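Novice: So here's final.cif, just mmCIF, C-alpha atoms:
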data_protein
loop_
_atom_site.label_atom_id
_atom_site.label_comp_id
_atom_site.auth_asym_id
_atom_site.auth_seq_id
_atom_site.Cartn_x
_atom_site.Cartn_y
_atom_site.Cartn_z
CA MET A 25 0.00 0.00 0.00
CA ARG A 26 2.85 2.34 0.91
CA ILE A 27 4.54 1.63 -2.44
CA LEU A 28 1.25 2.35 -4.24
CA ASN A 29 0.97 5.76 -2.54
CA LEU A 30 4.58 6.57 -3.36
CA LEU A 31 3.92 5.59 -6.98
CA LYS A 32 0.94 7.98 -7.13
CA ILE A 33 2.97 10.83 -5.60
CA SER A 34 5.87 10.23 -8.01
CA PHE A 35 3.53 9.98 -10.99
CA LYS A 36 1.84 13.29 -10.07
CA ALA A 37 5.22 14.98 -9.65
CA ILE A 38 6.21 13.87 -13.18
CA ILE A 39 2.87 14.96 -14.67
CA LEU A 40 3.23 18.43 -13.09
CA ASN A 41 6.51 18.88 -14.99
CA LYS A 42 5.77 16.71 -18.02
CA VAL A 43 7.71 18.83 -20.55
CA ARG A 44 10.77 18.81 -18.32
CA ALA A 45 10.36 15.06 -17.74
CA LEU A 46 10.06 14.44 -21.50
CA LEU A 47 13.22 16.43 -22.20
CA THR A 48 14.98 14.47 -19.45
CA MET A 49 13.92 11.22 -21.11
CA LEU A 50 15.38 12.19 -24.49
CA GLY A 51 18.83 10.80 -23.79
CA VAL A 52 17.36 7.47 -22.64
CA ILE A 53 14.93 7.37 -25.60
CA ILE A 54 17.70 7.97 -28.15
CA GLY A 55 20.05 5.56 -26.39
CA VAL A 56 17.55 2.66 -26.24
CA ALA A 57 16.38 3.24 -29.84
CA SER A 58 19.98 3.33 -31.08
CA VAL A 59 20.99 0.16 -29.20
CA ILE A 60 17.97 -1.79 -30.55
CA ALA A 61 18.55 -0.55 -34.12
CA MET A 62 22.30 -1.29 -34.01
CA LEU A 63 21.76 -4.79 -32.59
CA ALA A 64 19.07 -5.45 -35.24
CA ILE A 65 21.41 -4.36 -38.05
CA GLY A 66 24.27 -6.44 -36.63
CA GLU A 67 22.14 -9.57 -36.20
CA GLY A 68 20.53 -9.07 -39.62
CA SER A 69 23.93 -8.73 -41.29
CA LYS A 70 25.21 -11.85 -39.58
CA GLN A 71 22.20 -13.91 -40.66
CA SER A 72 22.39 -12.51 -44.19
CA ILE A 73 26.08 -13.45 -44.50
CA LYS A 74 25.41 -16.97 -43.21
CA THR A 75 22.52 -17.41 -45.66
CA GLN A 76 24.58 -16.19 -48.61
CA ILE A 77 27.52 -18.41 -47.70
CA SER A 78 25.16 -21.38 -47.24
CA ASN A 79 23.87 -20.73 -50.77
CA MET A 80 27.47 -20.97 -51.98
CA GLY A 81 27.84 -24.32 -50.19
CA SER A 82 28.34 -24.07 -46.44
CA ASN A 83 30.35 -27.33 -46.30
CA MET A 84 32.49 -26.51 -49.34
CA ILE A 85 36.25 -27.02 -49.14
CA THR A 86 38.67 -25.38 -51.55
CA ILE A 87 42.20 -26.60 -52.29
CA ARG A 88 44.33 -24.04 -54.12
CA PRO A 89 48.02 -23.69 -54.96
CA TYR A 90 50.00 -21.76 -52.41
CA ALA A 91 50.95 -18.43 -53.99
CA GLU A 92 54.74 -18.34 -53.79
CA ARG A 93 56.69 -15.13 -53.31
CA LYS A 94 59.70 -14.62 -55.54
CA ALA A 95 61.96 -11.57 -55.34
CA GLY A 96 59.39 -9.90 -53.08
CA VAL A 97 56.54 -10.45 -55.57
CA ARG A 98 53.59 -12.76 -54.80
CA LEU A 99 52.93 -14.90 -57.88
CA ASP A 100 49.49 -15.29 -59.43
CA ARG A 101 47.76 -18.43 -58.12
CA SER A 102 46.35 -19.23 -61.57
CA GLU A 103 49.90 -19.68 -62.86
CA MET A 104 50.99 -22.04 -60.10
CA GLN A 105 51.20 -25.64 -61.33
CA SER A 106 51.32 -27.52 -58.04
CA LEU A 107 47.82 -29.03 -58.33
CA THR A 108 47.36 -31.90 -60.79
CA LEU A 109 44.72 -34.36 -61.87
CA ASP A 110 46.48 -36.98 -59.68
CA ASP A 111 45.63 -34.84 -56.63
CA TYR A 112 41.98 -34.74 -57.68
CA GLU A 113 41.87 -38.50 -58.28
CA LYS A 114 43.53 -39.24 -54.92
CA LEU A 115 41.04 -37.03 -53.08
CA ALA A 116 38.09 -38.52 -54.98
CA SER A 117 39.18 -42.12 -54.26
CA GLU A 118 40.76 -41.88 -50.77
CA ALA A 119 38.87 -39.19 -48.82
CA SER A 120 36.06 -40.72 -46.76
CA LEU A 121 34.74 -37.39 -45.44
CA LEU A 122 34.16 -35.82 -48.87
CA THR A 123 30.86 -36.28 -50.69
CA TYR A 124 31.75 -34.60 -53.99
CA VAL A 125 35.05 -33.53 -55.54
CA SER A 126 35.59 -31.47 -58.69
CA PRO A 127 38.68 -30.11 -60.46
CA GLN A 128 38.43 -26.46 -61.45
CA VAL A 129 40.13 -24.35 -64.09
CA ASP A 130 38.82 -21.01 -65.23
CA GLY A 131 39.45 -18.19 -67.61
CA ASN A 132 37.86 -15.02 -68.93
CA GLY A 133 36.72 -14.27 -72.44
CA GLN A 134 33.93 -13.17 -74.74
CA VAL A 135 30.71 -15.13 -75.12
CA ILE A 136 29.34 -14.64 -78.64
CA ASN A 137 25.97 -15.55 -80.10
CA GLY A 138 25.45 -14.11 -83.59
CA ALA A 139 25.73 -10.33 -83.28
CA GLU A 140 25.51 -10.38 -79.49
CA ASN A 141 28.51 -10.72 -77.21
CA TRP A 142 29.21 -10.51 -73.50
CA PRO A 143 32.42 -10.67 -71.39
CA SER A 144 32.18 -13.57 -68.95
CA SER A 145 34.12 -16.31 -67.18
CA ILE A 146 34.28 -19.97 -68.10
CA TYR A 147 34.73 -22.61 -65.41
CA GLY A 148 36.02 -26.05 -66.30
CA VAL A 149 34.53 -28.51 -63.80
CA ASN A 150 32.93 -31.95 -63.56
CA PRO A 151 29.23 -32.80 -62.91
CA ASP A 152 29.82 -32.79 -59.10
CA TYR A 153 30.27 -29.02 -59.27
CA LEU A 154 26.52 -28.32 -59.06
CA ALA A 155 26.11 -30.39 -55.88
CA ILE A 156 29.14 -28.74 -54.27
CA LYS A 157 27.88 -25.23 -55.08
CA VAL A 158 24.23 -26.10 -54.24
CA TRP A 159 23.14 -25.07 -57.71
CA GLU A 160 20.29 -26.32 -59.86
CA ILE A 161 19.64 -26.56 -63.58
CA GLU A 162 16.59 -24.52 -64.58
CA ASN A 163 16.44 -25.68 -68.19
CA GLY A 164 18.19 -28.53 -70.03
CA SER A 165 20.78 -30.67 -68.22
CA MET A 166 24.33 -30.77 -66.86
CA PHE A 167 27.05 -32.41 -68.94
CA THR A 168 27.93 -36.03 -68.10
CA ASP A 169 31.13 -37.82 -67.05
CA ALA A 170 31.33 -39.26 -70.58
CA GLU A 171 31.32 -35.73 -72.03
CA VAL A 172 34.06 -34.78 -69.55
CA ARG A 173 36.21 -37.74 -70.63
CA SER A 174 35.74 -36.92 -74.33
CA ALA A 175 36.37 -33.18 -73.79
CA ALA A 176 33.05 -32.42 -75.46
CA LYS A 177 32.34 -28.84 -76.47
CA VAL A 178 29.18 -28.45 -74.41
CA ALA A 179 28.32 -25.73 -71.93
CA VAL A 180 25.85 -24.78 -69.21
CA ILE A 181 25.33 -21.03 -68.90
CA GLY A 182 24.12 -18.67 -66.18
CA GLN A 183 21.15 -16.31 -66.34
CA THR A 184 23.26 -13.16 -66.91
CA VAL A 185 24.87 -14.73 -69.98
CA VAL A 186 21.44 -15.77 -71.26
CA GLU A 187 20.06 -12.25 -70.85
CA ASN A 188 22.96 -10.67 -72.70
CA VAL A 189 23.55 -13.00 -75.63
CA PHE A 190 20.04 -14.34 -76.22
CA THR A 191 18.21 -11.04 -76.41
CA ASN A 192 15.25 -12.21 -78.52
CA GLY A 193 13.84 -14.45 -75.79
CA GLU A 194 14.89 -17.64 -77.59
CA ASP A 195 15.55 -20.85 -75.68
CA PRO A 196 19.38 -21.19 -75.37
CA VAL A 197 19.30 -24.99 -74.98
CA GLY A 198 20.48 -26.63 -78.20
CA LYS A 199 21.94 -23.37 -79.58
CA MET A 200 25.61 -22.76 -80.35
CA ILE A 201 27.68 -20.05 -78.66
CA ARG A 202 31.35 -19.24 -78.99
CA PHE A 203 33.71 -18.58 -76.12
CA ASN A 204 36.97 -17.06 -77.28
CA ASN A 205 36.01 -18.32 -80.75
CA ILE A 206 35.67 -21.94 -79.54
CA PRO A 207 32.14 -23.22 -80.37
CA PHE A 208 30.09 -24.75 -77.54
CA MET A 209 26.61 -26.23 -77.64
CA VAL A 210 24.44 -24.95 -74.80
CA ILE A 211 22.89 -27.99 -73.10
CA GLY A 212 21.62 -26.35 -69.91
CA VAL A 213 20.77 -23.08 -68.15
CA LEU A 214 21.53 -22.58 -64.45
CA ALA A 215 18.91 -21.37 -61.97
CA GLU A 216 19.39 -17.75 -60.88
CA LYS A 217 21.65 -17.27 -57.84
CA GLY A 218 22.23 -13.53 -57.66
CA GLU A 219 25.23 -11.82 -56.10
CA ASN A 220 27.37 -13.55 -53.50
CA THR A 221 28.72 -12.07 -50.25
CA PHE A 222 31.48 -10.29 -52.15
CA GLY A 223 29.09 -8.61 -54.60
CA GLN A 224 30.09 -10.94 -57.45
CA ASP A 225 27.38 -11.87 -59.97
CA GLN A 226 27.20 -15.68 -59.69
CA ASP A 227 24.99 -15.90 -62.78
CA ASP A 228 27.64 -14.42 -65.06
CA VAL A 229 29.25 -17.78 -65.75
CA VAL A 230 29.77 -20.51 -68.34
CA LEU A 231 30.36 -24.09 -67.12
CA ALA A 232 32.09 -26.63 -69.35
CA PRO A 233 33.96 -29.94 -68.84
CA TYR A 234 37.35 -29.24 -67.25
CA THR A 235 39.06 -31.33 -69.92
CA THR A 236 37.59 -29.08 -72.63
CA VAL A 237 38.62 -25.85 -70.90
CA GLN A 238 42.11 -27.21 -70.18
CA LYS A 239 42.76 -28.27 -73.77
CA ARG A 240 40.76 -25.86 -75.94
CA ILE A 241 40.65 -22.61 -73.91
CA LEU A 242 43.64 -22.47 -71.56
CA ALA A 243 46.05 -25.02 -73.07
CA ILE A 244 47.22 -26.24 -69.67
CA ASP A 245 47.43 -29.67 -68.04
CA TYR A 246 47.40 -28.62 -64.37
CA LEU A 247 44.50 -27.56 -62.13
CA GLN A 248 43.97 -24.09 -60.72
CA SER A 249 41.96 -25.43 -57.79
CA ILE A 250 39.99 -28.41 -56.51
CA ILE A 251 36.68 -27.93 -54.76
CA ALA A 252 34.89 -30.49 -52.65
CA SER A 253 32.05 -30.78 -50.16
CA ALA A 254 32.37 -32.35 -46.73
CA VAL A 255 29.80 -34.97 -45.76
CA SER A 256 28.31 -32.37 -43.41
CA GLU A 257 28.96 -28.82 -42.21
CA ASP A 258 29.75 -30.15 -38.72
CA GLN A 259 32.50 -32.39 -40.11
CA SER A 260 34.18 -29.69 -42.23
CA ALA A 261 37.15 -29.41 -39.86
CA GLU A 262 37.72 -33.19 -39.90
CA ALA A 263 37.37 -33.22 -43.70
CA VAL A 264 39.97 -30.41 -44.00
CA ALA A 265 42.36 -32.46 -41.82
CA GLU A 266 41.78 -35.54 -44.00
CA VAL A 267 42.34 -33.55 -47.22
CA THR A 268 45.54 -32.08 -45.77
CA LYS A 269 46.81 -35.54 -44.84
CA ILE A 270 46.16 -36.93 -48.35
CA MET A 271 47.69 -33.87 -50.05
CA ASP A 272 50.75 -33.90 -47.76
CA LYS A 273 51.35 -37.52 -48.67
CA ALA A 274 50.80 -36.89 -52.40
CA HIS A 275 53.16 -33.87 -52.40
CA SER A 276 55.69 -35.44 -49.98
CA ILE A 277 55.26 -32.58 -47.53
CA GLN A 278 57.23 -33.20 -44.34
CA ASN A 279 56.65 -31.61 -40.94
CA GLY A 280 58.17 -28.15 -40.82
CA THR A 281 58.27 -27.65 -44.58
CA THR A 282 56.07 -25.18 -46.45
CA SER A 283 53.15 -26.68 -48.38
CA ASP A 284 52.70 -25.86 -52.05
CA TYR A 285 48.93 -25.81 -51.58
CA GLU A 286 46.40 -24.49 -49.08
CA VAL A 287 43.05 -25.80 -47.90
CA ARG A 288 40.18 -23.49 -46.91
CA SER A 289 36.69 -24.33 -45.72
CA MET A 290 33.55 -22.20 -45.74
CA GLU A 291 33.36 -22.74 -41.98
CA GLU A 292 36.47 -20.57 -41.63
CA LEU A 293 34.88 -17.93 -43.85
CA ILE A 294 31.66 -17.96 -41.80
CA SER A 295 33.67 -17.67 -38.56
CA THR A 296 35.70 -14.77 -39.94
CA PHE A 297 32.65 -12.86 -41.16
CA SER A 298 30.72 -13.58 -37.96
CA ALA A 299 33.61 -12.39 -35.78
CA THR A 300 33.95 -9.20 -37.85
CA SER A 301 30.21 -8.58 -37.75
CA GLU A 302 30.06 -9.11 -33.99
CA MET A 303 33.00 -6.78 -33.44
CA LEU A 304 31.32 -4.03 -35.48
CA THR A 305 28.04 -4.60 -33.63
CA VAL A 306 29.76 -4.28 -30.24
CA LEU A 307 31.46 -1.08 -31.44
CA LEU A 308 28.18 0.44 -32.68
CA VAL A 309 26.33 -0.56 -29.50
CA ALA A 310 29.10 0.95 -27.39
CA ILE A 311 28.72 4.23 -29.29
CA ALA A 312 24.92 4.10 -28.94
CA SER A 313 25.28 3.37 -25.21
CA ILE A 314 26.90 6.77 -24.73
CA SER A 315 23.40 8.24 -25.20
CA LEU A 316 22.18 6.07 -22.32
CA LEU A 317 24.98 7.40 -20.14
CA ILE A 318 24.12 10.97 -21.09
CA GLY A 319 20.44 10.19 -20.43
CA GLY A 320 21.34 8.88 -16.97
CA ILE A 321 23.32 12.02 -16.16
CA GLY A 322 20.28 14.05 -17.30
CA ILE A 323 18.07 12.10 -14.89
CA MET A 324 20.49 12.72 -12.03
CA ASN A 325 20.63 16.42 -12.85
CA ILE A 326 16.86 16.83 -13.00
CA MET A 327 16.40 14.86 -9.76
CA TYR A 328 18.82 17.22 -8.04
CA VAL A 329 16.78 20.20 -9.27
CA SER A 330 13.59 18.46 -8.11
CA VAL A 331 15.02 17.87 -4.62
CA LYS A 332 16.06 21.54 -4.39
CA GLU A 333 12.63 22.76 -5.53
CA ARG A 334 10.78 20.53 -3.09
CA THR A 335 13.07 20.92 -0.08
CA ARG A 336 10.37 22.61 2.04
CA GLU A 337 7.84 19.92 1.05
CA ILE A 338 10.34 17.24 2.09
CA GLY A 339 10.92 19.01 5.42
CA LEU A 340 7.17 19.25 6.05
CA ARG A 341 6.65 15.55 5.32
CA LEU A 342 9.51 14.56 7.57
CA ALA A 343 8.10 16.85 10.33
CA VAL A 344 4.67 15.15 10.24
CA GLY A 345 6.12 11.67 10.57
CA ALA A 346 7.37 10.52 7.17
CA LYS A 347 10.49 8.38 7.37
CA GLY A 348 13.70 8.99 5.47
CA ALA A 349 13.19 5.67 3.68
CA ASP A 350 9.82 6.97 2.33
CA ILE A 351 11.47 10.11 0.92
CA LEU A 352 14.31 8.04 -0.59
CA MET A 353 11.84 5.60 -2.13
CA GLN A 354 9.67 8.40 -3.54
CA PHE A 355 12.52 10.10 -5.42
CA LEU A 356 13.99 6.76 -6.49
CA ILE A 357 10.62 5.66 -7.91
CA GLU A 358 10.37 9.01 -9.70
CA ALA A 359 13.80 8.49 -11.33
CA ILE A 360 12.95 4.90 -12.31
CA LEU A 361 9.57 5.98 -13.75
CA ILE A 362 11.27 8.61 -15.93
CA SER A 363 13.88 6.09 -17.05
CA ILE A 364 11.44 3.24 -17.77
CA THR A 365 8.98 5.52 -19.59
CA GLY A 366 11.88 6.74 -21.71
CA GLY A 367 12.83 3.09 -22.26
CA ILE A 368 9.33 2.17 -23.50
CA ILE A 369 9.28 5.10 -25.93
CA GLY A 370 12.85 4.17 -26.97
CA VAL A 371 11.82 0.56 -27.71
CA VAL A 372 8.93 1.77 -29.90
CA LEU A 373 11.23 4.25 -31.67
CA GLY A 374 13.94 1.57 -32.09
CA LEU A 375 11.48 -0.90 -33.66
CA SER A 376 10.13 1.83 -35.95
CA THR A 377 13.66 2.84 -36.97
CA THR A 378 14.56 -0.79 -37.70
CA PHE A 379 11.44 -1.19 -39.84
CA ILE A 380 12.28 1.99 -41.81
CA ILE A 381 15.90 0.87 -42.32
CA GLU A 382 14.78 -2.50 -43.69
CA THR A 383 11.97 -1.04 -45.83
CA VAL A 384 13.66 2.05 -47.24
CA LEU A 385 17.36 1.11 -47.29
CA HIS A 386 16.76 -2.66 -47.80
CA TRP A 387 19.36 -3.50 -45.17
CA PRO A 388 18.85 -6.90 -43.53
CA THR A 389 17.74 -6.50 -39.90
CA SER A 390 16.65 -8.89 -37.19
CA VAL A 391 15.23 -7.72 -33.86
CA THR A 392 15.72 -10.26 -31.09
CA ALA A 393 13.82 -10.43 -27.80
CA SER A 394 17.13 -10.35 -25.94
CA SER A 395 18.06 -6.93 -27.42
CA ILE A 396 14.77 -5.44 -26.16
CA ILE A 397 15.07 -7.08 -22.73
CA ILE A 398 18.70 -5.95 -22.34
CA SER A 399 17.90 -2.36 -23.41
CA PHE A 400 14.96 -2.23 -21.05
CA ALA A 401 16.96 -3.69 -18.16
CA VAL A 402 19.72 -1.14 -18.75
CA CYS A 403 17.07 1.62 -18.51
CA ALA A 404 15.89 0.37 -15.12
CA VAL A 405 19.47 0.11 -13.86
CA THR A 406 20.20 3.62 -15.21
CA GLY A 407 17.21 5.01 -13.29
CA ILE A 408 18.29 3.32 -10.06
CA PHE A 409 21.97 4.17 -10.48
CA PHE A 410 21.57 7.83 -11.35
CA GLY A 411 18.50 8.43 -9.16
CA TRP A 412 19.96 6.92 -6.02
CA TYR A 413 22.27 9.73 -4.98
CA PRO A 414 19.73 12.61 -5.27
CA ALA A 415 17.12 10.45 -3.51
CA ARG A 416 19.62 9.64 -0.75
CA LYS A 417 20.40 13.33 -0.39
CA ALA A 418 16.68 14.18 -0.06
CA ALA A 419 16.17 11.45 2.56
CA ALA A 420 19.07 12.77 4.63
CA LEU A 421 17.69 16.34 4.92
CA ASP A 422 17.13 17.77 8.41
CA PRO A 423 13.36 18.56 8.73
CA ILE A 424 13.91 21.94 10.46
CA VAL A 425 16.61 23.10 8.02
CA ALA A 426 14.50 21.92 5.10
CA MET A 427 11.39 23.80 6.26
CA ARG A 428 13.44 27.01 6.58
CA TYR A 429 14.85 26.59 3.06
CA GLU A 430 14.01 29.56 0.80
#
For the structure just supplied, provide its representation as structure tokens.

Specialist:
Amino acid sequence: MRILNLLKISFKAIILNKVRALLTMLGVIIGVASVIAMLAIGEGSKQSIKTQISNMGSNMITIRPYAERKAGVRLDRSEMQSLTLDDYEKLASEASLLTYVSPQVDGNGQVINGAENWPSSIYGVNPDYLAIKVWEIENGSMFTDAEVRSAAKVAVIGQTVVENVFTNGEDPVGKMIRFNNIPFMVIGVLAEKGENTFGQDQDDVVLAPYTTVQKRILAIDYLQSIIASAVSEDQSAEAVAEVTKIMDKAHSIQNGTTSDYEVRSMEELISTFSATSEMLTVLLVAIASISLLIGGIGIMNIMYVSVKERTREIGLRLAVGAKGADILMQFLIEAILISITGGIIGVVLGLSTTFIIETVLHWPTSVTASSIIISFAVCAVTGIFFGWYPARKAAALDPIVAMRYE
């Protein structure tokens, strides 16, 4: 009952100075709204990165030549010849933790269809490539192992290539295109994938048997990389260790010597991006939290003014029997009410800001219950922390001195 009366008194005191109370809340409102918006952007970015990487093949493992440094210059990986078909065959036959394995060679050139042409990239792979990259054929089919063995001049093309070299809406399947003047029959069209995490258009691509690209486009007999998929995302680390063991044996790599290849998994990429995203989120939240600190100082300041203005009232209440604890509780409740009210408005403003950011700027956002609970809890703590000292000062006033205060 006593708490209820103190709540009524505190509420009336705030209502009597509602403009001043609202201005006092501003720091808390801005702080809470900023923290919620920053956490939503950080969480949204993290989820977006994970989704995009999963679309690229979350359990994908890439084996590439180690880029040597000669005379202070790092050599181009595509020119390194340390990966061979023997490496691919050993991985495909010996690795128990890999589901799919594909060689990869690639080059750039001009895709030509009649009078239309488009600069693109050609990737020489095997049929496992689609499963590794989690990619589907929208129209037609993927080339077969037999076509790989015979170095057939067949190709599967991405949507961007289709849109730029088949401008009359014709079905590309069964049509001939030329890549760097080498004719290819289009046997399939890839489903649209869009841009990857690095902003690269994944649909601007031509896939062909690696044997064909090696012999007819690049004139090389080595591999530029090998890609594979682990049996599961959880076993990526074990699969990387197995790949490393097989490759070390194949390349006679001894302990302490530098490898002429390197193995990377998407798990490492996800961890790196997640760590970077979390670091940026913590930084942004720390900056936003400064507003909460300023809001707390504002509450302390206004509570001091309130104690000064109501010194005679405090003295009178103490003289008629009120206890110091009642005075302390009254001013503390007043500070917490200001802080929590500011927190509620801040939560509404933060959710509105997040919605606007996602709708207008198309940034990925994700509001979690924990971000709202934490922001709200910080508000309550701010009210208690910054309201305690002025309330304590009011409770310690001498009734006679307070009643004489002018």

Novice: Enumerate, as a list in words, the residues matched when the PyMOL selection byres ((chain A and resi 138) around 10) is run on the file above.

Specialist: Ile136, Asn137, Ala139, Glu140, Asn141, Val189, Phe190, Met200, Ile201 and Arg202 of chain A

Novice: Any chance you could export the current selection's C-alpha atoms as a PDB file, in the frame of the given file?

Specialist:
ATOM      1  CA  ILE A 136      29.340 -14.640 -78.640  1.00  0.00           C
ATOM      2  CA  ASN A 137      25.970 -15.550 -80.100  1.00  0.00           C
ATOM      3  CA  ALA A 139      25.730 -10.330 -83.280  1.00  0.00           C
ATOM      4  CA  GLU A 140      25.510 -10.380 -79.490  1.00  0.00           C
ATOM      5  CA  ASN A 141      28.510 -10.720 -77.210  1.00  0.00           C
ATOM      6  CA  VAL A 189      23.550 -13.000 -75.630  1.00  0.00           C
ATOM      7  CA  PHE A 190      20.040 -14.340 -76.220  1.00  0.00           C
ATOM      8  CA  MET A 200      25.610 -22.760 -80.350  1.00  0.00           C
ATOM      9  CA  ILE A 201      27.680 -20.050 -78.660  1.00  0.00           C
ATOM     10  CA  ARG A 202      31.350 -19.240 -78.990  1.00  0.00           C
TER      11      ARG A 202
END

Novice: Residues picked by the PyMOL selection byres ((chain A and resi 53) around 10) here, as a list in words?

Specialist: Leu46, Leu47, Thr48, Met49, Leu50, Gly51, Val52, Ile54, Gly55, Val56, Ala57, Ser58, Ser315, Leu316, Gly319, Ser363, Ile364, Thr365, Gly366, Gly367, Ile368, Ile369, Gly370, Val371, Val372, Leu373, Gly374 and Cys403 of chain A

Novice: Within 12 Å of (21.2, 2.2, -6.9), in the coordinates the file gives, what residues turn up when you count all atoms listed in the file, written out as a PDB file with C-alpha atoms, in the coordinates of the input?

Specialist:
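Contents of selection_16.pdb, as written:
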ATOM      1  CA  MET A 324      20.490  12.720 -12.030  1.00  0.00           C
ATOM      2  CA  LEU A 352      14.310   8.040  -0.590  1.00  0.00           C
ATOM      3  CA  MET A 353      11.840   5.600  -2.130  1.00  0.00           C
ATOM      4  CA  PHE A 355      12.520  10.100  -5.420  1.00  0.00           C
ATOM      5  CA  LEU A 356      13.990   6.760  -6.490  1.00  0.00           C
ATOM      6  CA  ILE A 357      10.620   5.660  -7.910  1.00  0.00           C
ATOM      7  CA  ALA A 359      13.800   8.490 -11.330  1.00  0.00           C
ATOM      8  CA  ILE A 360      12.950   4.900 -12.310  1.00  0.00           C
ATOM      9  CA  ALA A 404      15.890   0.370 -15.120  1.00  0.00           C
ATOM     10  CA  VAL A 405      19.470   0.110 -13.860  1.00  0.00           C
ATOM     11  CA  THR A 406      20.200   3.620 -15.210  1.00  0.00           C
ATOM     12  CA  GLY A 407      17.210   5.010 -13.290  1.00  0.00           C
ATOM     13  CA  ILE A 408      18.290   3.320 -10.060  1.00  0.00           C
ATOM     14  CA  PHE A 409      21.970   4.170 -10.480  1.00  0.00           C
ATOM     15  CA  PHE A 410      21.570   7.830 -11.350  1.00  0.00           C
ATOM     16  CA  GLY A 411      18.500   8.430  -9.160  1.00  0.00           C
ATOM     17  CA  TRP A 412      19.960   6.920  -6.020  1.00  0.00           C
ATOM     18  CA  TYR A 413      22.270   9.730  -4.980  1.00  0.00           C
ATOM     19  CA  PRO A 414      19.730  12.610  -5.270  1.00  0.00           C
ATOM     20  CA  ALA A 415      17.120  10.450  -3.510  1.00  0.00           C
ATOM     21  CA  ARG A 416      19.620   9.640  -0.750  1.00  0.00           C
TER      22      ARG A 416
END

Novice: Could you tell me how far CA of Tyr153 (chain A) lies from CA of Ser69 (chain A), in Å and to one decimal?

Specialist: 27.8 Å

Novice: How close does each residue of region 290-337 of chain A get to region 221-238 of chain A, giving the shortest atom pair and distance in Å to one decimal for every residue with an atom at most 12 Å away, counting all atoms listed in the file, sorted by chain and residue number, as CSV?

Specialist:
residue,atom,partner,partner_atom,distance
A:Leu293,CA,A:Thr221,CA,10.6
A:Ile294,CA,A:Thr221,CA,10.7
A:Phe297,CA,A:Thr221,CA,9.9

Novice: Could you name the residues that touch Ile156 (chain A) at 7 Å or less, counting all atoms listed in the file, but leaving out those on the same chain fewer than 2 positions away, as an MDAnalysis selection string?

Specialist: chainID A and resid 81 84 124 152:154 158 252:253

Novice: Hey, which of A:Gly198, A:Gly193, A:Gly182, A:Gly339 ends up closest to Val213 (chain A)? Count all atoms listed in the file.

Specialist: A:Gly182

Novice: Mind giving me the straight-line distance from CA of Ile362 (chain A) to CA of Val329 (chain A) in Å, one decimal?

Specialist: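 Spanning CA of Ile362 (chain A) to CA of Val329 (chain A) is a straight-line distance of 14.5 Å.
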
Novice: Counting all atoms listed in the file, figure out which residue out of A:Ile321, A:Val125, A:Ala418, A:Leu385 gets nearest to Gln354 (chain A).

Specialist: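 With all atoms listed in the file as the atom set, the closest residue is A:Ala418.
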
Novice: Between CA of Gln71 (chain A) and CA of Thr383 (chain A), what is the spacing in Å?

Specialist: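 Between CA of Thr383 (chain A) and CA of Gln71 (chain A) the gap works out to 17.2 Å.
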
Novice: Run the PyMOL selection byres ((chain A and resi 306) around 12) against the file shown and list the residues it catches, as a PyMOL selection string.

Specialist: chain A and resi 59+62-67+299-305+307-313

Novice: Kindly indicate which residue among A:Ile181, A:Leu242, A:Ile85, A:Ile381 lies nearest to Ser144 (chain A), using only C-alpha atoms for the distances.

Specialist: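 Looking only at the distances to Ser144 (chain A), the closest residue turns out to be A:Ile181.
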
Novice: From the options A:Ala243, A:Val391, A:Ala254, A:Val287, which residue's atoms come nearest to Lys269 (chain A), counting only C-alpha atoms?

Specialist: A:Val287

Novice: So, with all atoms listed in the file as the atoms that count, which of A:Val197, A:Ile351, A:Ile323, A:Ala119 lies closest to Leu31 (chain A)?

Specialist: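 So, comparing all the options, the nearest one is A:Ile351.
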
Novice: When distances are computed from only C-alpha atoms, which of A:Leu361, A:Ile77, A:Ile318, A:Leu115 shows the smallest separation from Pro127 (chain A)?

Specialist: A:Leu115

Novice: In the coordinate frame of the file, compute which residues have an atom within 9 Å of (22.5, -24.0, -77.7) when using all atoms listed in the file, and state them as a PyMOL selection string.

Specialist: chain A and resi 178-179+195-201+208-212

Novice: Those selected residues, please, written with C-alpha atoms and delivered as an mmCIF file, in the coordinates of the input.

Specialist:
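Written output follows (out17.cif):
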data_model
loop_
_atom_site.group_PDB
_atom_site.id
_atom_site.type_symbol
_atom_site.label_atom_id
_atom_site.label_comp_id
_atom_site.auth_asym_id
_atom_site.auth_seq_id
_atom_site.Cartn_x
_atom_site.Cartn_y
_atom_site.Cartn_z
ATOM 1 C CA VAL A 178 29.180 -28.450 -74.410
ATOM 2 C CA ALA A 179 28.320 -25.730 -71.930
ATOM 3 C CA ASP A 195 15.550 -20.850 -75.680
ATOM 4 C CA PRO A 196 19.380 -21.190 -75.370
ATOM 5 C CA VAL A 197 19.300 -24.990 -74.980
ATOM 6 C CA GLY A 198 20.480 -26.630 -78.200
ATOM 7 C CA LYS A 199 21.940 -23.370 -79.580
ATOM 8 C CA MET A 200 25.610 -22.760 -80.350
ATOM 9 C CA ILE A 201 27.680 -20.050 -78.660
ATOM 10 C CA PHE A 208 30.090 -24.750 -77.540
ATOM 11 C CA MET A 209 26.610 -26.230 -77.640
ATOM 12 C CA VAL A 210 24.440 -24.950 -74.800
ATOM 13 C CA ILE A 211 22.890 -27.990 -73.100
ATOM 14 C CA GLY A 212 21.620 -26.350 -69.910
#

Novice: Within 10 Å of Trp142 (chain A), counting all atoms listed in the file, which residues show up once you throw out same-chain ones fewer than 3 positions away? Write them as a ChimeraX atom specification, please.

Specialist: /A:133-137,145,184-189,203,228
